[in-house]
file input_6.cif (mmCIF, C-alpha atoms and all ligand atoms)
data_upload
loop_
_atom_site.label_atom_id
_atom_site.label_comp_id
_atom_site.auth_asym_id
_atom_site.auth_seq_id
_atom_site.Cartn_x
_atom_site.Cartn_y
_atom_site.Cartn_z
CA MET B 1126 110.97 -143.52 -130.63
CA ARG B 1127 107.62 -145.03 -131.53
CA PHE B 1128 104.63 -142.71 -131.57
CA ASN B 1129 100.91 -143.34 -131.76
CA LYS B 1130 99.95 -144.55 -135.23
CA VAL B 1131 97.48 -141.66 -135.69
CA LEU B 1132 100.41 -139.22 -135.85
CA ASP B 1133 101.55 -140.66 -139.21
CA ASN B 1134 98.49 -139.14 -140.76
CA ILE B 1135 98.70 -135.63 -139.24
CA LYS B 1136 100.24 -132.57 -140.89
CA THR B 1137 101.51 -130.02 -138.38
CA TYR B 1138 99.44 -126.82 -138.32
CA GLU B 1139 101.09 -124.15 -140.40
CA ALA B 1140 100.69 -120.82 -138.58
CA GLY B 1141 101.11 -117.47 -140.33
CA LYS B 1142 104.80 -116.53 -140.52
CA PRO B 1143 105.93 -114.30 -137.65
CA ILE B 1144 107.57 -110.90 -138.18
CA GLU B 1145 110.75 -112.22 -136.49
CA LEU B 1146 111.24 -114.83 -139.22
CA VAL B 1147 111.16 -112.26 -142.03
CA VAL B 1148 113.58 -110.07 -140.10
CA ARG B 1149 115.98 -113.01 -139.63
CA GLU B 1150 115.74 -114.47 -143.14
CA PHE B 1151 115.62 -111.36 -145.30
CA GLY B 1152 117.37 -108.79 -143.11
CA ILE B 1153 114.37 -106.45 -143.18
CA THR B 1154 113.96 -104.14 -140.18
CA PRO B 1155 110.91 -105.02 -138.06
CA GLU B 1156 109.31 -101.61 -138.73
CA ASP B 1157 109.26 -102.38 -142.46
CA VAL B 1158 107.53 -105.74 -142.13
CA VAL B 1159 103.80 -105.76 -142.86
CA LYS B 1160 102.08 -108.82 -141.44
CA LEU B 1161 98.72 -109.52 -143.04
CA ALA B 1162 98.73 -113.27 -142.58
CA SER B 1163 97.09 -114.25 -139.29
CA ASN B 1164 93.84 -112.26 -139.19
CA GLU B 1165 94.98 -110.26 -136.20
CA ASN B 1166 93.38 -106.92 -135.41
CA PRO B 1167 95.41 -104.27 -137.28
CA ILE B 1168 94.61 -101.53 -134.80
CA GLY B 1169 95.96 -103.61 -131.94
CA THR B 1170 94.08 -103.90 -128.72
CA SER B 1171 91.93 -101.45 -126.77
CA PRO B 1172 94.06 -99.00 -124.70
CA ALA B 1173 91.96 -99.84 -121.63
CA VAL B 1174 92.84 -103.52 -122.08
CA ALA B 1175 96.55 -102.80 -122.48
CA GLU B 1176 96.41 -100.80 -119.25
CA VAL B 1177 94.74 -103.67 -117.37
CA ILE B 1178 97.41 -106.11 -118.62
CA ARG B 1179 100.15 -103.80 -117.32
CA LYS B 1180 98.36 -103.44 -113.98
CA HIS B 1181 98.16 -107.20 -113.60
CA ALA B 1182 101.88 -107.70 -114.21
CA ASP B 1183 102.51 -107.91 -110.46
CA LYS B 1184 99.92 -110.70 -110.15
CA ALA B 1185 101.89 -113.03 -112.41
CA HIS B 1186 102.75 -115.29 -109.47
CA LEU B 1187 99.08 -115.97 -108.72
CA TYR B 1188 97.01 -118.58 -110.51
CA PRO B 1189 93.96 -117.03 -112.15
CA ASP B 1190 90.44 -117.42 -110.72
CA ASP B 1191 89.75 -120.92 -112.03
CA SER B 1192 85.99 -120.37 -111.98
CA MET B 1193 86.51 -117.42 -114.37
CA PHE B 1194 83.47 -115.93 -112.70
CA GLU B 1195 83.89 -112.36 -113.89
CA LEU B 1196 84.56 -113.27 -117.51
CA LYS B 1197 81.57 -115.59 -117.56
CA GLU B 1198 79.45 -112.82 -116.02
CA ALA B 1199 80.54 -110.45 -118.77
CA LEU B 1200 79.77 -113.01 -121.49
CA SER B 1201 76.43 -114.00 -120.00
CA LYS B 1202 75.40 -110.36 -119.92
CA LYS B 1203 76.60 -109.75 -123.46
CA PHE B 1204 74.76 -112.77 -124.90
CA ALA B 1205 71.80 -112.95 -122.47
CA ILE B 1206 72.68 -116.48 -121.35
CA GLU B 1207 73.73 -118.16 -118.06
CA ASP B 1208 77.21 -118.88 -116.64
CA GLU B 1209 76.49 -122.62 -116.82
CA ASN B 1210 76.31 -122.34 -120.62
CA ILE B 1211 79.92 -121.19 -120.97
CA ILE B 1212 83.34 -122.84 -121.14
CA ILE B 1213 86.47 -120.72 -121.62
CA GLY B 1214 89.47 -121.97 -123.58
CA ALA B 1215 93.01 -120.88 -124.37
CA GLY B 1216 91.65 -119.62 -127.67
CA SER B 1217 88.59 -121.23 -129.20
CA ASP B 1218 91.20 -123.71 -130.45
CA GLN B 1219 91.29 -125.26 -127.02
CA VAL B 1220 87.52 -125.60 -126.91
CA LEU B 1221 87.74 -127.42 -130.26
CA GLU B 1222 90.25 -129.75 -128.66
CA PHE B 1223 87.94 -130.44 -125.68
CA ILE B 1224 85.10 -131.22 -128.09
CA SER B 1225 87.18 -133.67 -130.11
CA ARG B 1226 88.45 -135.46 -127.03
CA ALA B 1227 84.98 -135.70 -125.52
CA LEU B 1228 83.30 -137.12 -128.62
CA LEU B 1229 85.72 -138.79 -130.99
CA ASN B 1230 87.59 -142.07 -131.25
CA GLU B 1231 88.74 -144.39 -134.03
CA ASN B 1232 85.19 -145.56 -134.74
CA GLU B 1233 83.81 -142.07 -135.32
CA SER B 1234 83.98 -139.52 -138.11
CA VAL B 1235 83.58 -135.77 -138.65
CA LEU B 1236 82.13 -133.77 -141.53
CA MET B 1237 83.26 -130.35 -142.75
CA SER B 1238 83.34 -128.27 -145.93
CA ALA B 1239 86.03 -128.83 -148.58
CA VAL B 1240 88.14 -125.89 -147.43
CA THR B 1241 87.82 -124.77 -143.83
CA PHE B 1242 89.71 -124.19 -140.58
CA ALA B 1243 92.61 -126.66 -140.45
CA MET B 1244 92.36 -127.51 -136.74
CA TYR B 1245 89.06 -129.42 -137.14
CA GLU B 1246 90.92 -132.06 -139.10
CA ILE B 1247 94.02 -132.09 -136.90
CA TYR B 1248 92.11 -132.56 -133.63
CA ALA B 1249 89.89 -135.24 -135.20
CA LYS B 1250 92.90 -137.13 -136.53
CA GLN B 1251 94.56 -137.01 -133.10
CA MET B 1252 91.61 -139.04 -131.89
CA GLY B 1253 91.89 -141.46 -134.83
CA ALA B 1254 88.57 -140.31 -136.30
CA LYS B 1255 87.82 -140.27 -140.04
CA ILE B 1256 87.46 -137.01 -141.94
CA TYR B 1257 84.78 -136.39 -144.55
CA ARG B 1258 84.45 -133.22 -146.58
CA THR B 1259 81.76 -131.87 -148.87
CA ALA B 1260 82.69 -131.01 -152.47
CA SER B 1261 82.41 -127.21 -152.06
CA TRP B 1262 84.02 -124.75 -149.71
CA GLU B 1263 80.65 -123.06 -149.27
CA HIS B 1264 78.47 -124.79 -146.67
CA LYS B 1265 75.80 -126.21 -148.98
CA TYR B 1266 72.82 -127.86 -147.34
CA ASP B 1267 72.38 -130.58 -149.98
CA GLU B 1268 76.05 -131.55 -149.92
CA PHE B 1269 76.10 -131.66 -146.13
CA MET B 1270 72.95 -133.75 -145.96
CA GLU B 1271 74.10 -136.24 -148.57
CA ALA B 1272 77.39 -136.78 -146.74
CA TYR B 1273 75.63 -136.78 -143.36
CA GLN B 1274 73.29 -139.57 -144.36
CA MET B 1275 76.09 -141.56 -145.90
CA TYR B 1276 78.61 -141.32 -143.03
CA LEU B 1277 76.58 -140.39 -139.92
CA PRO B 1278 79.46 -138.30 -138.51
CA ARG B 1279 79.78 -137.61 -134.79
CA ILE B 1280 80.57 -133.93 -135.39
CA VAL B 1281 79.48 -131.54 -138.16
CA TYR B 1282 81.58 -128.36 -138.37
CA ILE B 1283 80.00 -125.19 -139.69
CA CYS B 1284 82.53 -122.41 -139.90
CA THR B 1285 80.64 -119.19 -140.52
CA PRO B 1286 82.14 -116.96 -141.67
CA ASN B 1287 84.51 -119.53 -143.09
CA ASN B 1288 88.29 -119.38 -142.77
CA PRO B 1289 90.24 -119.27 -145.13
CA THR B 1290 87.62 -118.40 -147.77
CA GLY B 1291 85.79 -115.54 -146.01
CA ASP B 1292 82.28 -116.47 -147.21
CA ALA B 1293 79.45 -116.94 -144.72
CA THR B 1294 76.41 -119.18 -144.34
CA SER B 1295 73.09 -117.51 -143.53
CA LYS B 1296 71.44 -118.15 -140.18
CA GLU B 1297 68.55 -119.79 -142.00
CA GLU B 1298 70.86 -122.29 -143.72
CA VAL B 1299 72.75 -123.04 -140.51
CA LEU B 1300 69.47 -123.76 -138.69
CA ARG B 1301 68.34 -126.00 -141.55
CA ILE B 1302 71.46 -128.14 -141.17
CA ILE B 1303 71.13 -128.21 -137.36
CA GLU B 1304 67.51 -129.35 -137.58
CA ALA B 1305 68.27 -132.07 -140.11
CA VAL B 1306 70.83 -133.97 -138.02
CA ASP B 1307 70.07 -136.50 -135.30
CA PRO B 1308 70.52 -134.71 -131.94
CA THR B 1309 71.22 -137.97 -130.13
CA GLN B 1310 74.15 -138.88 -132.41
CA THR B 1311 75.75 -135.74 -133.80
CA LEU B 1312 77.10 -132.49 -132.41
CA VAL B 1313 77.00 -129.43 -134.66
CA VAL B 1314 79.84 -126.98 -133.99
CA VAL B 1315 79.06 -123.46 -135.19
CA ASP B 1316 82.40 -121.67 -135.26
CA GLY B 1317 81.79 -117.93 -135.19
CA ALA B 1318 85.39 -116.75 -134.82
CA TYR B 1319 84.69 -113.90 -137.30
CA MET B 1320 81.00 -113.46 -136.51
CA GLU B 1321 81.32 -109.81 -135.43
CA TYR B 1322 82.36 -108.86 -138.98
CA ALA B 1323 79.57 -110.85 -140.65
CA ALA B 1324 76.90 -109.51 -138.29
CA ALA B 1325 77.97 -105.93 -139.04
CA LYS B 1326 77.87 -106.54 -142.79
CA ASP B 1327 74.50 -108.27 -143.18
CA GLU B 1328 72.11 -109.33 -140.43
CA LYS B 1329 71.03 -112.38 -142.45
CA TYR B 1330 74.39 -113.86 -141.45
CA ALA B 1331 74.30 -112.80 -137.80
CA ILE B 1332 74.10 -115.76 -135.42
CA THR B 1333 74.18 -115.29 -131.66
CA PRO B 1334 74.84 -118.07 -129.15
CA LYS B 1335 71.30 -117.59 -127.84
CA ASP B 1336 69.86 -118.44 -131.28
CA LEU B 1337 71.34 -121.93 -130.84
CA LEU B 1338 70.87 -122.56 -127.14
CA GLY B 1339 67.52 -124.31 -127.67
CA TYR B 1340 69.36 -127.23 -129.33
CA GLU B 1341 70.97 -129.86 -127.11
CA HIS B 1342 73.32 -130.93 -129.93
CA VAL B 1343 74.87 -127.57 -130.85
CA ILE B 1344 77.80 -125.57 -129.53
CA TYR B 1345 78.70 -122.02 -130.58
CA LEU B 1346 82.36 -120.97 -130.53
CA GLY B 1347 83.59 -117.40 -130.26
CA THR B 1348 86.93 -115.72 -129.68
CA PHE B 1349 88.61 -112.59 -128.37
CA SER B 1350 91.40 -113.02 -130.95
CA LYS B 1351 89.90 -111.10 -133.88
CA ALA B 1352 87.47 -108.18 -133.42
CA TYR B 1353 88.55 -107.76 -129.77
CA GLY B 1354 92.24 -107.63 -130.70
CA LEU B 1355 93.51 -110.21 -128.20
CA GLY B 1356 95.15 -112.87 -130.41
CA GLY B 1357 98.25 -112.88 -128.24
CA MET B 1358 96.25 -113.44 -125.05
CA ARG B 1359 94.58 -116.68 -126.25
CA VAL B 1360 91.01 -116.47 -124.98
CA GLY B 1361 88.01 -118.09 -126.64
CA TYR B 1362 84.74 -119.60 -125.50
CA GLY B 1363 82.16 -122.27 -126.20
CA ILE B 1364 78.46 -121.73 -125.47
CA ALA B 1365 75.99 -124.60 -125.25
CA GLN B 1366 73.40 -126.26 -123.02
CA SER B 1367 74.77 -126.96 -119.55
CA GLN B 1368 74.86 -130.74 -119.96
CA LEU B 1369 77.30 -130.40 -122.86
CA ILE B 1370 79.40 -127.79 -121.07
CA LYS B 1371 79.66 -130.11 -118.04
CA ALA B 1372 81.01 -132.88 -120.27
CA LEU B 1373 83.60 -130.58 -121.85
CA TYR B 1374 84.72 -129.43 -118.39
CA LYS B 1375 86.00 -132.98 -117.79
CA MET B 1376 88.57 -132.38 -120.54
CA ARG B 1377 89.77 -129.03 -119.19
CA PRO B 1378 93.12 -128.67 -117.40
CA PRO B 1379 93.13 -126.38 -114.36
CA PHE B 1380 93.87 -122.68 -114.91
CA ASN B 1381 93.69 -123.07 -118.68
CA ILE B 1382 94.05 -119.37 -119.42
CA THR B 1383 96.55 -117.06 -117.75
CA THR B 1384 95.98 -114.41 -115.09
CA LEU B 1385 96.83 -111.70 -117.64
CA SER B 1386 94.61 -113.23 -120.34
CA LEU B 1387 91.68 -113.44 -117.98
CA ALA B 1388 92.05 -109.80 -116.88
CA ALA B 1389 92.44 -108.70 -120.51
CA ALA B 1390 89.34 -110.54 -121.72
CA ILE B 1391 87.19 -109.21 -118.86
CA GLU B 1392 88.17 -105.66 -119.82
CA ALA B 1393 87.84 -106.30 -123.56
CA ALA B 1394 84.30 -107.62 -123.11
CA LYS B 1395 83.33 -104.22 -121.67
CA ASP B 1396 84.78 -102.21 -124.54
CA GLU B 1397 82.32 -102.51 -127.41
CA THR B 1398 83.49 -99.14 -128.76
CA PHE B 1399 86.82 -100.69 -129.69
CA VAL B 1400 85.07 -103.49 -131.60
CA GLU B 1401 82.90 -100.97 -133.45
CA LYS B 1402 85.98 -98.94 -134.35
CA SER B 1403 87.80 -102.04 -135.62
CA ILE B 1404 84.86 -103.02 -137.79
CA ALA B 1405 84.35 -99.50 -139.17
CA LEU B 1406 88.00 -99.30 -140.23
CA HIS B 1407 87.78 -102.76 -141.76
CA GLN B 1408 84.64 -101.99 -143.76
CA GLU B 1409 86.23 -98.88 -145.21
CA GLN B 1410 89.55 -100.56 -146.05
CA ILE B 1411 88.21 -103.80 -147.55
CA LYS B 1412 86.60 -101.80 -150.36
CA ARG B 1413 90.10 -100.93 -151.52
CA TYR B 1414 90.95 -104.63 -151.77
CA GLU B 1415 87.82 -105.28 -153.83
CA SER B 1416 88.60 -102.41 -156.22
CA PHE B 1417 92.22 -103.52 -156.48
CA ALA B 1418 91.19 -107.03 -157.59
CA LYS B 1419 88.77 -105.65 -160.19
CA GLU B 1420 91.37 -103.23 -161.54
CA ASN B 1421 93.93 -106.02 -161.85
CA GLY B 1422 91.61 -108.53 -163.48
CA PHE B 1423 91.24 -111.30 -160.90
CA GLU B 1424 88.46 -112.58 -158.67
CA TYR B 1425 87.93 -112.38 -154.94
CA ILE B 1426 85.48 -114.05 -152.58
CA ASP B 1427 82.95 -111.63 -151.08
CA SER B 1428 84.23 -111.45 -147.49
CA TYR B 1429 82.32 -111.55 -144.20
CA THR B 1430 85.54 -111.61 -142.16
CA ASN B 1431 88.53 -109.39 -141.41
CA PHE B 1432 90.43 -110.83 -144.38
CA ILE B 1433 89.90 -111.20 -148.12
CA THR B 1434 90.68 -114.16 -150.36
CA TYR B 1435 92.01 -113.42 -153.84
CA LEU B 1436 91.43 -116.14 -156.45
CA PHE B 1437 94.05 -116.11 -159.19
CA PRO B 1438 93.80 -117.16 -162.83
CA ASP B 1439 96.32 -119.80 -164.03
CA GLU B 1440 98.86 -117.24 -165.20
CA MET B 1441 99.21 -115.93 -161.64
CA ASP B 1442 100.78 -118.39 -159.20
CA SER B 1443 99.85 -117.93 -155.54
CA THR B 1444 103.11 -119.50 -154.30
CA ALA B 1445 105.36 -117.34 -156.49
CA ILE B 1446 103.42 -114.22 -155.51
CA SER B 1447 103.44 -114.97 -151.76
CA ASP B 1448 107.18 -115.77 -151.84
CA ALA B 1449 108.02 -112.59 -153.74
CA LEU B 1450 106.00 -110.52 -151.27
CA LEU B 1451 107.66 -112.24 -148.32
CA LYS B 1452 111.10 -111.19 -149.58
CA ARG B 1453 109.81 -107.63 -149.61
CA GLY B 1454 108.64 -107.95 -146.00
CA VAL B 1455 104.93 -108.40 -146.77
CA ILE B 1456 103.50 -111.53 -145.13
CA ILE B 1457 100.24 -112.92 -146.53
CA ARG B 1458 98.78 -116.43 -146.51
CA ASN B 1459 99.28 -118.67 -149.52
CA LEU B 1460 96.36 -121.10 -149.91
CA ALA B 1461 98.18 -123.57 -152.19
CA SER B 1462 98.23 -126.12 -149.35
CA TYR B 1463 94.41 -126.00 -149.40
CA GLY B 1464 94.49 -126.90 -153.09
CA MET B 1465 93.60 -123.36 -154.15
CA ASN B 1466 95.53 -120.98 -156.39
CA ALA B 1467 94.60 -118.21 -154.02
CA VAL B 1468 95.92 -116.02 -151.22
CA ARG B 1469 94.32 -114.82 -148.01
CA ILE B 1470 95.15 -111.30 -146.89
CA THR B 1471 94.18 -109.82 -143.54
CA VAL B 1472 92.87 -106.31 -144.19
CA GLY B 1473 95.29 -103.95 -142.42
CA THR B 1474 95.39 -100.30 -141.49
CA ALA B 1475 95.31 -97.73 -144.33
CA LYS B 1476 99.09 -97.47 -144.15
CA GLN B 1477 99.71 -101.23 -144.17
CA ASN B 1478 97.32 -101.62 -147.08
CA ASP B 1479 99.13 -98.86 -149.04
CA ILE B 1480 102.36 -100.81 -148.64
CA PHE B 1481 100.68 -104.06 -149.65
CA PHE B 1482 99.15 -102.58 -152.83
CA ARG B 1483 102.45 -100.98 -153.85
CA HIS B 1484 104.43 -104.22 -153.50
CA PHE B 1485 101.70 -106.40 -154.93
CA ALA B 1486 101.39 -104.23 -158.05
CA GLU B 1487 105.16 -104.43 -158.56
CA VAL B 1488 105.26 -108.19 -158.03
CA ILE B 1489 102.51 -108.97 -160.55
CA ALA B 1490 103.80 -106.43 -163.11
N1 LIG G 1501 88.16 -120.86 -135.66
C1 LIG G 1501 88.50 -120.22 -136.77
C2 LIG G 1501 87.60 -120.30 -137.94
C3 LIG G 1501 89.70 -119.49 -136.83
O1 LIG G 1501 90.06 -118.88 -137.95
C4 LIG G 1501 90.52 -119.44 -135.69
C5 LIG G 1501 91.81 -118.67 -135.68
N2 LIG G 1501 92.61 -118.78 -136.75
C6 LIG G 1501 90.11 -120.14 -134.56
C7 LIG G 1501 88.92 -120.83 -134.57
C8 LIG G 1501 90.93 -120.18 -133.32
O2 LIG G 1501 91.04 -118.91 -132.78
P1 LIG G 1501 91.59 -118.69 -131.32
O3 LIG G 1501 92.15 -119.99 -130.86
O4 LIG G 1501 92.60 -117.62 -131.46
O5 LIG G 1501 90.39 -118.28 -130.52
#

call {"tool": "encode", "arguments": {"input": "input_6.cif", "output": "structure tokens"}}
result
Amino acid sequence: MRFNKVLDNIKTYEAGKPIELVVREFGITPEDVVKLASNENPIGTSPAVAEVIRKHADKAHLYPDDSMFELKEALSKKFAIEDENIIIGAGSDQVLEFISRALLNENESVLMSAVTFAMYEIYAKQMGAKIYRTASWEHKYDEFMEAYQMYLPRIVYICTPNNPTGDATSKEEVLRIIEAVDPTQTLVVVDGAYMEYAAAKDEKYAITPKDLLGYEHVIYLGTFSKAYGLGGMRVGYGIAQSQLIKALYKMRPPFNITTLSLAAAIEAAKDETFVEKSIALHQEQIKRYESFAKENGFEYIDSYTNFITYLFPDEMDSTAISDALLKRGVIIRNLASYGMNAVRITVGTAKQNDIFFRHFAEVIA
């Protein structure tokens, strides 16, 4: 079979390994597998949300409300914006896809930091667009502006906090980049998938969709997958001026999230206590990861997310370490494919982290 030429150039997205795979390959019982690879919420989902999902089980034969009125109401209240500023996606991933399809083609290009969320590149390549990256994984104004002026990209991606590095870009720096690009030519995507964690850590890094709504050439992306604990339900959103949202709607298939996902997200949006609890646990547990790195003589990136990135010296090999942990039932993310001798670990519950530290210490000994 012949496929579109653009496919030759695309690497399939490598998702975090599922628990089932470790069970199958290494014969470990599911209860003994610790999955710290996909930045899921370690405390699960809010009990109220789980209850709503169960209650909606007998509505599985009905298509969801395609207007997503209630979810948009909840989001507009939360962010002090209007319904017309919102588009819902099957994860913020799907909103990224709508954006790429609405703006890119083989004559266009996109700009992003050296190491950032893999789907920006994949969606852009699907459209035949060129990819440009800055030299650093941090979002540095000077590097972005130099590349911007050279390539005049159609989309600039700012992932803050950034995945898979965990660092964040201050609101001031993000606004500086936004104001320096040509609003008639370039869309700036501010991907705030982990924003709840950054905002709780340091308000200098807190960006709300409303902060950006004055710009016609900016879209803010958020998700229910992380702090809200709904990764398995696949609900994310894009927030922008209505003209942009209307254009993205042309790319949207009908009923793009499920009846259960919609009900879950509506309930999750009401339960801020669960988010606060998730963040409090995270802030307490991440300190253990920082101390562990210091005690064992390697570096980490100061994290504004629900994960931490360990940077290894040459004598520690991220691939060997990740593989050895996997055989012990501990799944983390090796960043070798990003060109880094580093691993990304989702901060788990106290118990999961105990298990991680025990195995990790044995593996590096
Ligand atoms: N953006 C970033 C930076 C992410 O890390 C992720 C999830 N890995 C997404 C977007 C997509 O999240 P979702 O589709 O689950 O909303």

call {"tool": "residues_near_ligand", "arguments": {"input": "input_6.cif", "ligand": "ligand LIG 1501 (chain G)", "cutoff": "8 Å", "atoms": "all atoms listed in the file", "output": "CSV table (one decimal) with C-alpha atoms, keeping the file's coordinate frame"}}
result
chain,number,residue,atom,x,y,z
B,1163,SER,CA,97.1,-114.2,-139.3
B,1164,ASN,CA,93.8,-112.3,-139.2
B,1214,GLY,CA,89.5,-122.0,-123.6
B,1215,ALA,CA,93.0,-120.9,-124.4
B,1216,GLY,CA,91.6,-119.6,-127.7
B,1217,SER,CA,88.6,-121.2,-129.2
B,1218,ASP,CA,91.2,-123.7,-130.4
B,1219,GLN,CA,91.3,-125.3,-127.0
B,1221,LEU,CA,87.7,-127.4,-130.3
B,1241,THR,CA,87.8,-124.8,-143.8
B,1242,PHE,CA,89.7,-124.2,-140.6
B,1244,MET,CA,92.4,-127.5,-136.7
B,1284,CYS,CA,82.5,-122.4,-139.9
B,1285,THR,CA,80.6,-119.2,-140.5
B,1286,PRO,CA,82.1,-117.0,-141.7
B,1287,ASN,CA,84.5,-119.5,-143.1
B,1288,ASN,CA,88.3,-119.4,-142.8
B,1289,PRO,CA,90.2,-119.3,-145.1
B,1316,ASP,CA,82.4,-121.7,-135.3
B,1317,GLY,CA,81.8,-117.9,-135.2
B,1318,ALA,CA,85.4,-116.8,-134.8
B,1319,TYR,CA,84.7,-113.9,-137.3
B,1346,LEU,CA,82.4,-121.0,-130.5
B,1347,GLY,CA,83.6,-117.4,-130.3
B,1348,THR,CA,86.9,-115.7,-129.7
B,1349,PHE,CA,88.6,-112.6,-128.4
B,1350,SER,CA,91.4,-113.0,-131.0
B,1351,LYS,CA,89.9,-111.1,-133.9
B,1356,GLY,CA,95.2,-112.9,-130.4
B,1359,ARG,CA,94.6,-116.7,-126.2
B,1360,VAL,CA,91.0,-116.5,-125.0
B,1361,GLY,CA,88.0,-118.1,-126.6
B,1362,TYR,CA,84.7,-119.6,-125.5

call {"tool": "atom_distance", "arguments": {"input": "input_6.cif", "atom1": "CA of Pro1334 in chain B", "atom2": "CA of Glu1195 in chain B"}}
result
18.6 Å

call {"tool": "residues_around", "arguments": {"input": "input_6.cif", "residues": "Tyr1257 in chain B", "least_positions_apart": "6", "cutoff": "7 Å", "atoms": "all atoms listed in the file", "output": "number ranges by chain"}}
result
B: 1235-1237

call {"tool": "residues_around", "arguments": {"input": "input_6.cif", "residues": "Gly1169 in chain B", "least_positions_apart": "5", "cutoff": "10 Å", "atoms": "only C-alpha atoms", "output": "PyMOL selection string"}}
result
chain B and resi 1175+1351-1356+1399+1403

call {"tool": "residues_around", "arguments": {"input": "input_6.cif", "residues": "range 1381-1396 of chain B", "least_positions_apart": "4", "cutoff": "6 Å", "atoms": "all atoms listed in the file", "output": "PyMOL selection string"}}
result
chain B and resi 1174+1178+1189+1196+1215+1358

call {"tool": "residues_around", "arguments": {"input": "input_6.cif", "residues": "Asn1431 in chain B", "least_positions_apart": "5", "cutoff": "7 Å", "atoms": "all atoms listed in the file", "output": "JSON, numbers by chain"}}
result
{"B": [1164, 1322, 1407, 1471, 1472]}
